[in-house]
Structure formats: C-alpha cells, structure tokens
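> I'm passing along data.cif; it holds mmCIF, C-alpha atoms.
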data_start
#
loop_
_atom_site.label_atom_id
_atom_site.label_comp_id
_atom_site.auth_asym_id
_atom_site.auth_seq_id
_atom_site.Cartn_x
_atom_site.Cartn_y
_atom_site.Cartn_z
CA MET A 21 105.47 130.21 81.22
CA ASP A 22 104.98 126.65 82.46
CA VAL A 23 106.28 123.20 81.51
CA CYS A 24 103.11 122.25 79.67
CA LEU A 25 103.11 125.35 77.50
CA VAL A 26 106.81 125.08 76.64
CA ILE A 27 106.44 121.43 75.67
CA LYS A 28 103.35 122.06 73.56
CA GLN A 29 105.05 124.96 71.75
CA ARG A 30 108.18 122.93 71.01
CA LEU A 31 106.20 119.93 69.80
CA GLU A 32 104.33 122.19 67.39
CA GLU A 33 107.48 124.01 66.25
CA LEU A 34 109.31 120.73 65.60
CA GLY A 35 106.32 118.96 64.07
CA LEU A 36 106.40 116.26 66.72
CA GLU A 37 103.55 114.48 68.46
CA GLN A 38 102.98 113.50 72.07
CA LYS A 39 103.79 109.89 71.23
CA ASP A 40 107.25 110.98 69.99
CA LEU A 41 107.88 112.63 73.33
CA ALA A 42 106.55 109.60 75.23
CA THR A 43 108.87 107.29 73.31
CA ALA A 44 111.88 109.52 73.96
CA ALA A 45 111.07 109.81 77.68
CA GLU A 46 110.29 106.07 77.95
CA VAL A 47 106.82 106.67 79.38
CA THR A 48 103.29 106.03 78.16
CA ASP A 49 101.41 108.29 75.76
CA SER A 50 98.79 108.62 78.49
CA TYR A 51 101.34 109.99 80.96
CA ILE A 52 102.47 112.68 78.52
CA SER A 53 98.84 113.49 77.72
CA GLN A 54 98.05 113.91 81.42
CA LEU A 55 101.09 116.15 81.92
CA LEU A 56 100.19 118.31 78.95
CA SER A 57 96.55 118.58 79.97
CA ARG A 58 97.68 119.51 83.50
CA LYS A 59 95.94 116.51 85.05
CA LYS A 60 99.30 115.54 86.56
CA LEU A 61 101.78 117.82 88.22
CA PRO A 62 105.18 117.75 86.49
CA PRO A 63 107.52 115.34 88.30
CA ALA A 64 110.13 116.71 90.67
CA PRO A 65 113.35 117.37 88.74
CA ASP A 66 115.64 115.85 91.36
CA ARG A 67 113.73 112.57 91.30
CA THR A 68 113.59 111.81 87.60
CA ASP A 69 115.50 111.65 84.35
CA ILE A 70 112.48 112.61 82.26
CA TYR A 71 113.45 116.26 81.73
CA GLN A 72 116.83 115.45 80.21
CA LYS A 73 115.17 113.01 77.81
CA MET A 74 112.43 115.48 76.90
CA ALA A 75 114.86 118.38 76.49
CA LYS A 76 116.94 116.33 74.08
CA VAL A 77 114.05 115.51 71.76
CA LEU A 78 112.61 119.04 72.09
CA LYS A 79 116.03 120.59 71.46
CA LEU A 80 115.92 122.70 74.61
CA PRO A 81 118.61 123.54 77.17
CA SER A 82 118.84 120.52 79.48
CA ASP A 83 117.78 122.42 82.61
CA ARG A 84 114.95 124.59 81.23
CA LEU A 85 112.08 122.15 81.76
CA ALA A 86 113.43 121.12 85.17
CA LYS A 87 113.55 124.74 86.38
CA LEU A 88 110.00 125.39 85.19
CA ALA A 89 108.78 122.20 86.83
CA GLU A 90 110.41 123.14 90.12
CA LEU A 91 108.61 126.52 90.09
CA GLU A 92 105.26 124.86 89.34
CA ARG A 93 105.75 122.33 92.09
CA ARG A 94 106.58 125.04 94.64
CA GLU A 95 103.38 126.90 93.79
CA GLU A 96 101.35 123.69 94.09
CA LEU A 97 102.95 122.91 97.45
CA LYS A 98 102.01 126.37 98.74
CA ARG A 99 98.40 125.69 97.76
CA ASP A 100 98.46 122.19 99.33
CA LEU A 101 99.86 123.38 102.64
CA ALA A 102 97.03 125.85 103.09
CA GLY A 103 94.76 123.15 104.57
CA PRO A 104 95.16 120.55 107.32
CA PRO A 105 96.60 117.14 106.37
CA ALA A 106 94.14 114.32 105.73
CA PRO A 107 94.42 111.05 107.67
CA MET A 108 96.44 108.23 106.10
CA PHE A 109 94.86 105.41 104.17
CA GLY A 110 94.23 102.46 106.46
CA GLU A 111 96.30 100.23 104.18
CA ILE A 112 99.32 102.55 104.45
CA ARG A 113 99.00 102.75 108.22
CA GLU A 114 98.82 98.95 108.45
CA LEU A 115 101.90 98.59 106.25
CA ILE A 116 103.80 100.96 108.54
CA LEU A 117 102.65 99.11 111.63
CA ARG A 118 103.75 95.76 110.12
CA LYS A 119 107.25 97.24 109.79
CA CYS A 120 107.34 98.01 113.55
CA VAL A 121 109.01 95.76 116.07
CA PRO A 122 106.14 93.45 117.15
CA ALA A 123 106.45 94.42 120.82
CA LYS A 124 105.91 98.11 119.93
CA GLN A 125 103.07 97.72 117.40
CA ALA A 126 100.23 98.16 119.91
CA GLN A 127 101.85 101.23 121.45
CA VAL A 128 102.49 102.86 118.07
CA ARG A 129 98.95 101.98 116.91
CA LYS A 130 97.48 103.77 119.97
CA ILE A 131 99.49 106.90 119.19
CA PHE A 132 98.44 106.80 115.53
CA GLU A 133 94.78 106.39 116.47
CA LYS A 134 94.94 109.14 119.10
CA GLN A 135 96.50 111.59 116.65
CA PRO A 136 95.38 110.65 113.12
CA PHE A 137 98.20 111.63 110.80
CA GLY A 138 99.94 113.37 113.67
CA GLU A 139 103.63 114.12 113.96
CA LEU A 140 104.76 110.57 114.74
CA GLU A 141 102.79 109.00 111.88
CA ARG A 142 104.07 111.61 109.41
CA LEU A 143 107.66 111.21 110.64
CA VAL A 144 107.66 107.42 110.43
CA THR A 145 105.90 107.48 107.06
CA GLN A 146 108.35 110.04 105.69
CA LYS A 147 111.39 108.05 106.85
CA LEU A 148 110.08 104.84 105.26
CA LEU A 149 109.16 106.74 102.12
CA ASP A 150 112.67 108.22 101.92
CA VAL A 151 114.27 104.78 102.11
CA ILE A 152 111.94 103.29 99.50
CA LYS A 153 112.45 106.29 97.19
CA LYS A 154 116.23 105.98 97.41
CA VAL A 155 116.05 102.38 96.24
CA ALA A 156 113.41 103.18 93.61
CA LYS A 157 115.51 106.02 92.19
CA GLU A 158 118.48 103.68 91.86
CA GLU A 159 116.30 101.10 90.12
CA LEU A 160 114.87 103.69 87.71
CA ASN A 161 118.02 103.28 85.62
CA SER A 162 117.83 99.49 85.64
CA GLU A 163 115.91 98.36 82.59
CA ASN A 164 116.17 94.73 83.75
CA TRP A 165 114.54 95.55 87.09
CA LEU A 166 111.81 97.61 85.43
CA HIS A 167 111.08 94.82 82.94
CA LEU A 168 110.94 92.28 85.78
CA VAL A 169 108.55 94.40 87.86
CA ALA A 170 106.44 95.08 84.76
CA ARG A 171 106.19 91.38 83.99
CA LEU A 172 105.30 90.51 87.59
CA ALA A 173 102.64 93.22 87.70
CA GLY A 174 101.25 92.41 84.26
CA ARG A 175 102.07 95.89 82.97
CA SER A 176 104.17 97.28 80.18
CA TYR A 177 107.70 98.60 80.75
CA GLU A 178 106.46 102.14 80.02
CA GLN A 179 103.52 101.83 82.44
CA THR A 180 105.85 100.59 85.15
CA ARG A 181 108.29 103.41 84.50
CA VAL A 182 105.45 105.96 84.73
CA THR A 183 104.28 104.42 88.02
CA LEU A 184 107.80 104.60 89.40
CA LEU A 185 108.18 108.23 88.27
CA GLU A 186 104.87 109.07 89.94
CA PHE A 187 105.95 107.26 93.09
CA LEU A 188 109.17 109.29 93.22
CA ASP A 189 106.97 112.41 93.29
CA THR A 190 104.83 111.11 96.12
CA ASP A 191 104.98 112.75 99.51
CA VAL A 192 103.38 111.71 102.78
CA PHE A 193 100.35 113.85 101.97
CA SER A 194 99.60 112.08 98.68
CA LEU A 195 100.71 108.53 99.43
CA SER A 196 98.21 105.86 98.43
CA PRO A 197 98.21 102.04 98.24
CA GLU A 198 98.23 102.17 94.42
CA LYS A 199 101.58 103.97 94.45
CA LEU A 200 103.19 101.13 96.39
CA TYR A 201 102.41 98.16 94.13
CA PHE A 202 106.09 97.54 93.31
CA VAL A 203 107.28 97.77 96.94
CA PRO A 204 107.99 94.30 98.42
CA GLY A 205 105.71 93.55 101.37
CA SER A 206 103.22 96.30 100.57
CA THR A 207 100.53 93.95 99.35
CA ASP A 208 100.83 91.05 101.79
#
Translate this structure into structure tokens?

Amino acid sequence: MDVCLVIKQRLEELGLEQKDLATAAEVTDSYISQLLSRKKLPPAPDRTDIYQKMAKVLKLPSDRLAKLAELERREELKRDLAGPPAPMFGEIRELILRKCVPAKQAQVRKIFEKQPFGELERLVTQKLLDVIKKVAKEELNSENWLHLVARLAGRSYEQTRVTLLEFLDTDVFSLSPEKLYFVPGSTD
C-alpha cells in the first residue's frame, strides 16, 4: 500500500475532498492533486510537517503516512541511482561559483568544466543545499516569513509553502533554478 492509496481511501471513507486535505495541510489543491495522481513523489517525512497535518484530518496514526512515504522514496531513489547523474543547470553552477572566494572562482570553474557534475561539484552543491535547507526548514514554521516571501514573489501563502516543501525534498540530482526562487542571491 502506498501514500496515495491510503489518502484516497481515507478521503472516501470520511467523505472528504482533496481541498479539505489541502486546507488542513496548508498547501494548494494542485499540490494535493499532484500527490494523489502520483505526478509528485511524496515529500520526505523528516523535512516536512505535512504528514502530521494530513494524519490529523484523515484520522490516522501520526506516523503511518510518513512511514509509507519513506518506503516510496527509497524505491524511487533506487530507480534514480541506476543511471549516471546529469550535468547541473548552468544557472545553478553559476550561483555556486558566485559563492566562491573570488580568487578561487576560475580554478573551481575549470574543475567543474573538466568533470561536469563530478565529485567536487556534487560535494559543494550538497553542502550549500544542506545549509539552505536547514534555514528553510526553520522558516517553514514561520507564517510571517512565508507570507513575506509569498508577497515578494507574487504568490499565495499556500503556493509558497508548497514550493518550500518541494525545495526541502530537492537533492543535488533534481535541483533546478525554479526551486531556488526564495533563496537570497539566487536570482541576481
């Protein structure tokens, strides 16, 4: 049994709709729809509060959805690791290089270009991603911060929360410029 199936069953049993679940989880209807149609992988349980909120409205044990999501994510990771990593987006690489000490930028750029998405680029990207995720996870509980970012980006609170949840699930293999819109310095 998977997260999607459990959620769909409980919604039907309780006479609830996807929008009820979206409201309870403080995300968009579209996000719930994409999860339930399996267009999006369930978010990582250790990076989000969505499962506790969903479990409450679905009247499920608080850890059931999280455990199912973790199993699904492991299976997806096994499938993803079967192939070689793709090179980074140019915008992401440039962002990383801008964060380098100016005197080392040219040297790091040469290494990146010699080994597209090689060990050094993955290591540096992962370390930066870890730092940004730590801050983002802390801010996930700050409604004021989320409202501010939403207003600055011209998005709704729920859309911003969904974007942040998706970002918290991002790894170096699926990082894209769109997932960094709320990170200071990522668009300059």
> Go through A:Ile52, A:Pro197, A:Glu96, A:Gln146 and flag the residue nearest Glu114 (chain A), using all atoms listed in the file for the distances.
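Result for the nearest residue to Glu114 (chain A): A:Pro197.
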> Neighbours of region 64-80 of chain A within 12 Å (all atoms listed in the file; same-chain residues fewer than 6 positions away dropped), as number ranges by chain?
A: 23-24, 26-47, 51-52, 55, 86-94, 96-97, 150, 153-161, 181-191
> Report, in Å with one decimal, the straight-line distance from CA of Ala123 (chain A) to CA of Phe137 (chain A).
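Atom-to-atom, CA of Ala123 (chain A) to CA of Phe137 (chain A), that is 21.6 Å.
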> In Å, rounded to a single decimal, give me how far CA of Ser194 (chain A) is from CA of Val151 (chain A).
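Between these atoms lies a distance of 16.7 Å.
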> Using CA of Leu195 (chain A) and CA of Leu166 (chain A) as the two end points, give the distance in Å to one decimal.
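Value for the CA of Leu195 (chain A)-CA of Leu166 (chain A) distance: 20.9 Å.
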> Let me know the centre plus edge lengths, in Å and rounded to one decimal, of a box with edges along x, y and z that contains all listed atoms of region 179-195 of chain A and is padded by 3 Å on every side, as AutoDock Vina command-line options.

--center_x 104.4 --center_y 107.2 --center_z 92.6 --size_x 15.6 --size_y 19.3 --size_z 26.3
> From the options A:Pro63, A:Thr48, A:Lys98, A:Glu111, which residue's atoms come nearest to Glu198 (chain A), counting only C-alpha atoms?
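Of the candidates, the smallest distance to Glu198 (chain A) is held by A:Glu111.
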> Between A:Cys120, A:Leu25, A:Ile131, A:Leu143, which one has atoms that come closest to Phe193 (chain A), using all atoms listed in the file?
A:Leu143
